[in-house]
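Q: Here it is, the structure in full.
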Amino acid sequence: MKLNRRLTFTCLALYIAFSFLAYTQDIKSSNVEIPFHLDVICFKGESDTASRVDVYVVVPYQSINFMKSGENYLAQYDLVIKVIDSTKSIEEEKRIHRILKVKDYFSAQGGTGGFDFTQTILSLAKGNYEIKVVLIDNYVNDTYEKSRTVTVLNFAEYPFSISGIMILSSIEEHDGKYTITPFISDNVGDLKNGFFAFFESYNNTGSDSADFVYQIIDKDGKILINSKKIRKYIGKSKTQLYLKIPYRESISQGTYNLRIIALKPVNDTLVKTEYYLAAAERSLGFFRTMFGFNISDLNKAVKQLRYVAQPSEIEFIEAAPTQDEKQKRFREFWDKQDPTPNTERNEAFEEYYTRIDYANKEFKSYNEGWLTDMGWVYIVYGKPFQIERSVPGTIGRKYERWTYLNNRQFVFADNTGFGDYRLASPPTVSERYKYK
């Protein structure tokens with residue numbers, strides 16, 4: 001189950017002759033995914049006054065801290081799910097406490113690809129909401145946050161409508177019942193066998209069938225793929241449906257929208273607006289992941305190699321004639337740094353870009369955090385054992401001293417008074433990052 005970075009997930013209604021659900025995404029440039037993954041899907045509820053909103057959260061084991069407890073390793077985290085209405089008031093809040101237990105250190109570090117999955121079902125009236133999820137790692141008190149915006153429909157208002165789209169990596173049908181594997185991500189770039197778009201139809205038209213097509217649309221609105229019509233039995237009331245969408249080598253890496261359109265069952269190969277019954281849309285990413293992580297800005301990730309790679313190695317990667325070749329060379333560089341080459345994980349890669357992410361959050365000044373002197377030292381050496389700071393209220397130059405366990409020290413001076421700490425002693429960093 002490969003997962004992705006912060007998204008805005010929106011379910012819209014166009015108030016014309018058919019219902020339309022749209023899911024959109026804002027993808028920020030970043031190096032690696034943040035520690036948990038979120039998806040939100042709208043379905044018809046049990047009543048005509050509220051809809052069902054499913055909140056799916058996946059927390060990879062490698063994203064949280066485990067502590068040794070007897071013969072096992074334990075982790076504890078909380079999920080706080082907040083429903084915020086259009087007036088910015090918290091309409092509903094749920095807190096979920098999770099305790100995880102594994103038997104060995106390798107599993108606790110995510111070596112087996114383990115993860116924790118939760119599904120929370122909300123019942124919401126028609127309206128606009130923000131679904132905010134906060135993860136709190138109890139052992140270190142770190143917090144991480146993601147949110148999606150959603151416009152909840154009253155599906156009962158339409159003679160025919162379809163729910164939001166859930167991405168599945170696999171589906172099996174037995175006697176009309178499905179066993180599904182949700183894929184909690186918009187990035188389908190690694191699904192070489194394709195994927196499934198799963199949704200529900202809600203039918204009060206009297207017809208027992210409908211035609212469906214899917215489209216893949218680029219950011220400029222151009223339809224790159226327009227499938228043939230697929231006729232499906234829709235029955236009365238609710239029917240669960242899916243469309244198989246094959247892997248496409250022709251699609252370049254990037255972000256797209258997946259649109260599913262339900263049409264009146266007519267003997268016409270054209271997709272005409274007058275045939276529309278309903279539609280749903282959501283964003284898709286086509287990115288190849290690296291050791292389980294999505295690199296959404298490869299060019300930037302290559303530049304960030306400056307603290308681990310030699311200039312000649314960076315030049316070689318940047319000289320690649322295509323983005324695919326650049327990614328190949330980038331991966332080959334990290335393959336050489338992998339301390340466990342027989343596993344899917346690359347701990348050196350993970351640690352390096354996790355440090356860059358931390359530096360961007362904590363040491364931002366006139367430049368991004370990874371470009372500051374503090375960021376430089378942190379990325380190469382990691383977290384210092386001890387930090388000494390100038391007494392609060394000190395007038396003039398402020399200092400900060402970092403000490404590491406081998407008694408190596410770095411002194412930073414803020415000469416401007418605006419938090420722009422520069423390396424004062426030693427004048428430079430002589431080493432490069434190396435996974436230990």
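In the structure tokens, chains take the letters A, B, ... in the order shown, each chain's residues start at 1, and ligands count up from 1 in the order shown.
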Find the residues around region 99-111 of chain A up to 6 Å (only C-alpha atoms counted), leave out those fewer than 4 positions away in its own chain, and share them as number ranges by chain.
A: A: 61-62, 66, 72-76
Q: Could the residues in this selection be saved with N, CA and C atoms as a short mmCIF file (atom, residue, chain, number, x, y, z; two decimals), in the first residue's frame?
A:
```
data_model
loop_
_atom_site.label_atom_id
_atom_site.label_comp_id
_atom_site.auth_asym_id
_atom_site.auth_seq_id
_atom_site.Cartn_x
_atom_site.Cartn_y
_atom_site.Cartn_z
N TYR A 61 4.49 1.94 10.16
CA TYR A 61 5.26 1.75 11.38
C TYR A 61 6.52 2.61 11.39
N GLN A 62 7.12 2.81 10.21
CA GLN A 62 8.36 3.58 10.17
C GLN A 62 8.14 5.05 10.50
N PHE A 66 8.65 3.45 18.31
CA PHE A 66 8.43 2.29 19.15
C PHE A 66 9.45 2.28 20.28
N ASN A 72 8.89 -7.20 23.69
CA ASN A 72 8.25 -6.60 22.52
C ASN A 72 8.63 -5.13 22.38
N TYR A 73 8.16 -4.54 21.28
CA TYR A 73 8.30 -3.11 21.05
C TYR A 73 6.89 -2.53 20.93
N LEU A 74 6.64 -1.43 21.65
CA LEU A 74 5.32 -0.83 21.68
C LEU A 74 5.36 0.59 21.12
N ALA A 75 4.26 0.97 20.48
CA ALA A 75 4.05 2.36 20.04
C ALA A 75 2.63 2.75 20.44
N GLN A 76 2.45 4.01 20.74
CA GLN A 76 1.13 4.54 21.04
C GLN A 76 0.95 5.87 20.33
#
```
Q: Could you list, with a cut-off of 9 Å and counting only C-alpha atoms, the residues of region 240-342 of chain A near region 218-234 of chain A, each shown with its nearest atom pair and the distance in Å rounded to one decimal, rows sorted by chain and ascending number, as CSV?
A:
```
residue,atom,partner,partner_atom,distance
A:Gln240,CA,A:Ile234,CA,8.2
A:Leu241,CA,A:Lys232,CA,8.0
A:Leu243,CA,A:Ile230,CA,8.6
A:Ile251,CA,A:Leu224,CA,8.4
A:Gly254,CA,A:Asp218,CA,8.5
A:Thr255,CA,A:Lys219,CA,7.0
A:Tyr256,CA,A:Asp218,CA,4.7
A:Asn257,CA,A:Asp218,CA,6.5
A:Leu263,CA,A:Lys229,CA,8.8
A:Pro265,CA,A:Arg231,CA,7.3
A:Thr269,CA,A:Lys229,CA,7.0
A:Leu270,CA,A:Lys229,CA,8.6
A:Val271,CA,A:Lys229,CA,8.3
```
Q: Would you output that residue set with N, CA and C atoms, as a PDB file, in the first residue's frame?
A:
```
ATOM      1  N   GLN A 240     -23.125  -1.418  -5.620  1.00  0.00           N
ATOM      2  CA  GLN A 240     -21.680  -1.206  -5.597  1.00  0.00           C
ATOM      3  C   GLN A 240     -21.096  -1.588  -6.948  1.00  0.00           C
ATOM      4  N   LEU A 241     -20.249  -0.708  -7.477  1.00  0.00           N
ATOM      5  CA  LEU A 241     -19.721  -0.869  -8.832  1.00  0.00           C
ATOM      6  C   LEU A 241     -18.222  -0.596  -8.830  1.00  0.00           C
ATOM      7  N   LEU A 243     -14.783  -0.019 -11.870  1.00  0.00           N
ATOM      8  CA  LEU A 243     -14.222  -0.034 -13.222  1.00  0.00           C
ATOM      9  C   LEU A 243     -12.741  -0.367 -13.107  1.00  0.00           C
ATOM     10  N   ILE A 251       1.415   7.620 -20.021  1.00  0.00           N
ATOM     11  CA  ILE A 251       1.157   8.776 -19.169  1.00  0.00           C
ATOM     12  C   ILE A 251       2.447   9.208 -18.484  1.00  0.00           C
ATOM     13  N   GLY A 254       3.165  13.004 -13.258  1.00  0.00           N
ATOM     14  CA  GLY A 254       2.483  14.257 -12.983  1.00  0.00           C
ATOM     15  C   GLY A 254       1.169  14.015 -12.273  1.00  0.00           C
ATOM     16  N   THR A 255       0.363  15.054 -12.151  1.00  0.00           N
ATOM     17  CA  THR A 255      -0.941  14.958 -11.495  1.00  0.00           C
ATOM     18  C   THR A 255      -2.050  15.108 -12.524  1.00  0.00           C
ATOM     19  N   TYR A 256      -3.119  14.346 -12.324  1.00  0.00           N
ATOM     20  CA  TYR A 256      -4.231  14.299 -13.263  1.00  0.00           C
ATOM     21  C   TYR A 256      -5.525  14.179 -12.478  1.00  0.00           C
ATOM     22  N   ASN A 257      -6.644  14.216 -13.180  1.00  0.00           N
ATOM     23  CA  ASN A 257      -7.944  13.929 -12.587  1.00  0.00           C
ATOM     24  C   ASN A 257      -8.521  12.687 -13.237  1.00  0.00           C
ATOM     25  N   LEU A 263     -24.086   7.411 -17.742  1.00  0.00           N
ATOM     26  CA  LEU A 263     -24.895   7.871 -18.880  1.00  0.00           C
ATOM     27  C   LEU A 263     -26.146   7.016 -19.048  1.00  0.00           C
ATOM     28  N   PRO A 265     -28.465   4.530 -20.829  1.00  0.00           N
ATOM     29  CA  PRO A 265     -28.071   3.413 -21.699  1.00  0.00           C
ATOM     30  C   PRO A 265     -28.678   3.551 -23.093  1.00  0.00           C
ATOM     31  N   THR A 269     -22.181   5.485 -29.412  1.00  0.00           N
ATOM     32  CA  THR A 269     -20.827   5.405 -28.858  1.00  0.00           C
ATOM     33  C   THR A 269     -20.327   6.753 -28.336  1.00  0.00           C
ATOM     34  N   LEU A 270     -21.011   7.841 -28.700  1.00  0.00           N
ATOM     35  CA  LEU A 270     -20.570   9.164 -28.273  1.00  0.00           C
ATOM     36  C   LEU A 270     -21.005   9.457 -26.839  1.00  0.00           C
ATOM     37  N   VAL A 271     -20.204  10.245 -26.157  1.00  0.00           N
ATOM     38  CA  VAL A 271     -20.539  10.698 -24.808  1.00  0.00           C
ATOM     39  C   VAL A 271     -21.075  12.119 -24.933  1.00  0.00           C
TER      40      VAL A 271
END
```
Q: Within 9 Å of Phe330 (chain A), counting only C-alpha atoms, which residues qualify if same-chain residues fewer than 5 places away don't, as a PDB file with C-alpha atoms, in the first residue's frame?
A:
```
ATOM      1  CA  LEU A 298      12.973  15.226  -8.346  1.00  0.00           C
ATOM      2  CA  ALA A 301      15.715  16.305  -4.396  1.00  0.00           C
ATOM      3  CA  VAL A 302      18.819  16.028  -6.587  1.00  0.00           C
ATOM      4  CA  ILE A 314      25.255  15.414  -8.654  1.00  0.00           C
ATOM      5  CA  ILE A 317      22.488  12.864 -12.256  1.00  0.00           C
ATOM      6  CA  GLU A 325      16.827   8.598 -16.692  1.00  0.00           C
ATOM      7  CA  ASP A 335      21.224   2.055  -3.902  1.00  0.00           C
TER       8      ASP A 335
END
```
Q: Give me the residues near region 196-201 of chain A as number ranges by chain, where near means some atom within 8 Å (using only C-alpha atoms) and where sequence neighbours in that chain fewer than 6 positions away do not count.
A: A: 43, 160-171, 234, 237-245
Q: Suppose we keep N, CA and C atoms; can you now write the selection as a short mmCIF file (atom, residue, chain, number, x, y, z; two decimals), in the first residue's frame?
A:
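The resulting file, part-v1.cif, is reproduced below:
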```cif
data_model
loop_
_atom_site.label_atom_id
_atom_site.label_comp_id
_atom_site.auth_asym_id
_atom_site.auth_seq_id
_atom_site.Cartn_x
_atom_site.Cartn_y
_atom_site.Cartn_z
N PHE A 43 -20.39 8.94 0.81
CA PHE A 43 -21.38 7.95 0.39
C PHE A 43 -22.77 8.39 0.86
N PHE A 160 -30.76 9.99 -9.79
CA PHE A 160 -29.63 9.08 -9.93
C PHE A 160 -28.37 9.84 -9.53
N SER A 161 -27.53 9.19 -8.75
CA SER A 161 -26.27 9.83 -8.34
C SER A 161 -25.25 8.74 -8.07
N ILE A 162 -23.99 9.14 -7.98
CA ILE A 162 -22.93 8.20 -7.62
C ILE A 162 -22.08 8.81 -6.52
N SER A 163 -21.50 7.95 -5.72
CA SER A 163 -20.71 8.38 -4.57
C SER A 163 -19.34 8.88 -5.02
N GLY A 164 -18.51 9.21 -4.04
CA GLY A 164 -17.12 9.48 -4.33
C GLY A 164 -16.40 8.23 -4.80
N ILE A 165 -15.22 8.42 -5.34
CA ILE A 165 -14.44 7.32 -5.93
C ILE A 165 -13.37 6.87 -4.95
N MET A 166 -13.35 5.58 -4.69
CA MET A 166 -12.28 4.99 -3.88
C MET A 166 -11.34 4.22 -4.79
N ILE A 167 -10.05 4.42 -4.60
CA ILE A 167 -9.06 3.69 -5.38
C ILE A 167 -8.76 2.36 -4.67
N LEU A 168 -8.81 1.27 -5.44
CA LEU A 168 -8.50 -0.06 -4.91
C LEU A 168 -7.33 -0.64 -5.69
N SER A 169 -6.46 -1.36 -4.97
CA SER A 169 -5.38 -2.06 -5.66
C SER A 169 -5.82 -3.46 -6.09
N SER A 170 -6.83 -4.01 -5.41
CA SER A 170 -7.36 -5.31 -5.82
C SER A 170 -8.80 -5.44 -5.37
N ILE A 171 -9.54 -6.31 -6.05
CA ILE A 171 -10.93 -6.56 -5.70
C ILE A 171 -11.28 -7.97 -6.14
N ILE A 234 -27.45 -1.57 -12.54
CA ILE A 234 -27.47 -0.66 -11.39
C ILE A 234 -28.59 -0.99 -10.40
N SER A 237 -32.16 1.35 -5.92
CA SER A 237 -31.51 1.91 -4.74
C SER A 237 -29.99 1.82 -4.89
N LYS A 238 -29.28 1.22 -3.93
CA LYS A 238 -27.81 1.26 -3.91
C LYS A 238 -27.20 0.04 -4.58
N THR A 239 -26.19 0.29 -5.43
CA THR A 239 -25.43 -0.79 -6.07
C THR A 239 -23.95 -0.45 -6.00
N GLN A 240 -23.13 -1.42 -5.62
CA GLN A 240 -21.68 -1.21 -5.60
C GLN A 240 -21.10 -1.59 -6.95
N LEU A 241 -20.25 -0.71 -7.48
CA LEU A 241 -19.72 -0.87 -8.83
C LEU A 241 -18.22 -0.60 -8.83
N TYR A 242 -17.57 -1.07 -9.87
CA TYR A 242 -16.16 -0.73 -10.04
C TYR A 242 -15.81 -0.77 -11.52
N LEU A 243 -14.78 -0.02 -11.87
CA LEU A 243 -14.22 -0.03 -13.22
C LEU A 243 -12.74 -0.37 -13.11
N LYS A 244 -12.26 -1.27 -13.94
CA LYS A 244 -10.84 -1.60 -13.97
C LYS A 244 -10.14 -0.62 -14.90
N ILE A 245 -9.09 0.02 -14.40
CA ILE A 245 -8.36 1.00 -15.19
C ILE A 245 -6.93 0.49 -15.36
#
```
Q: For Glu350 (chain A), which residue among A:Lys236, A:Ile379, A:Asp142, A:Gln327 is the nearest when counting only C-alpha atoms?
A: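 Distance minimum relative to Glu350 (chain A) lands on A:Ile379.
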Q: Using Å and a single decimal, report how far CA of Leu305 (chain A) sits from CA of Glu351 (chain A).
A: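 So the two atoms, CA of Glu351 (chain A) and CA of Leu305 (chain A), lie 12.8 Å apart.
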Q: May I have the residues within 10 Å of Arg408 (chain A) as a PyMOL selection string, using only C-alpha atoms and disregarding those fewer than 4 positions away in the same chain?
A: chain A and resi 381+384+402-404+426
Q: Generate the output file for the selected residues, N, CA and C atoms, as a compact mmCIF listing (two decimals), in the first residue's frame.
A:
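Printed below is part-v2.txt as written:
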```txt
# COMPACT_ATOMS: atom_id res chain seq x y z
N TYR A 381 25.02 15.62 10.72
CA TYR A 381 25.32 14.97 11.99
C TYR A 381 24.10 14.53 12.78
N PRO A 384 21.75 17.16 17.90
CA PRO A 384 22.84 17.28 18.87
C PRO A 384 22.45 16.71 20.23
N TRP A 402 25.99 23.74 19.74
CA TRP A 402 25.54 22.37 19.64
C TRP A 402 26.70 21.44 19.98
N THR A 403 26.44 20.50 20.88
CA THR A 403 27.46 19.52 21.27
C THR A 403 26.95 18.12 20.95
N TYR A 404 27.86 17.32 20.34
CA TYR A 404 27.53 15.93 20.00
C TYR A 404 28.28 14.98 20.94
N PRO A 426 33.29 25.53 14.07
CA PRO A 426 34.32 25.81 13.05
C PRO A 426 33.71 26.58 11.87
```
Q: List the neighbours of Leu405 (chain A) out to 12 Å using only C-alpha atoms; skip same-chain residues closer than 6 positions along the sequence, and give me the result as a list in words.
A: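 Listed by chain and then number, they are Tyr381, Gly382, Lys383, Pro384, Phe385, Gln386 and Ile387 of chain A.
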Q: Can you pull out the residues contacting Asn415 (chain A)? Cut-off 12 Å, using only C-alpha atoms, and skip same-chain residues under 4 positions away; I want them as a list of chain:residue names.
A: A:Ile395, A:Gly396, A:Arg397, A:Lys398, A:Tyr399, A:Glu400, A:Gly419, A:Asp420, A:Tyr421, A:Arg422, A:Leu423, A:Ala424
Q: Write out the residues from the selection above, keeping C-alpha atoms, as a PDB file, in the first residue's frame.
A:
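The resulting file, selection_12.pdb, is shown below:
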```
ATOM      1  CA  ILE A 395      21.494  42.428  23.604  1.00  0.00           C
ATOM      2  CA  GLY A 396      23.723  42.189  20.555  1.00  0.00           C
ATOM      3  CA  ARG A 397      25.004  38.943  19.023  1.00  0.00           C
ATOM      4  CA  LYS A 398      23.174  35.806  20.105  1.00  0.00           C
ATOM      5  CA  TYR A 399      24.858  32.421  20.166  1.00  0.00           C
ATOM      6  CA  GLU A 400      23.846  28.799  20.076  1.00  0.00           C
ATOM      7  CA  GLY A 419      17.247  34.574  13.933  1.00  0.00           C
ATOM      8  CA  ASP A 420      19.696  34.207  11.024  1.00  0.00           C
ATOM      9  CA  TYR A 421      22.248  31.969  12.747  1.00  0.00           C
ATOM     10  CA  ARG A 422      25.510  31.473  10.860  1.00  0.00           C
ATOM     11  CA  LEU A 423      28.259  28.967  11.628  1.00  0.00           C
ATOM     12  CA  ALA A 424      30.961  30.756  13.667  1.00  0.00           C
TER      13      ALA A 424
END
```
Q: Using DSSP on the backbone coordinates, identify all residues within region 296-410 of chain A classified as alpha helix (DSSP H); present the result as JSON, numbers by chain.
A: {"A": [298, 299, 300, 301, 302, 303, 311, 312, 313, 314, 315, 316, 317, 318, 323, 324, 325, 326, 327, 328, 329, 330, 331, 332, 333, 334, 335, 336, 337, 347, 348, 349, 350, 351, 352, 353, 354, 355, 356, 357, 358, 359, 360, 361, 362, 373, 374, 375, 376, 377, 378, 379, 380, 381]}
Q: Between CA of Ala262 (chain A) and CA of Tyr214 (chain A), what is the distance in Å, rounded to a tenth?
A: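 Between CA of Ala262 (chain A) and CA of Tyr214 (chain A) the gap works out to 9.1 Å.
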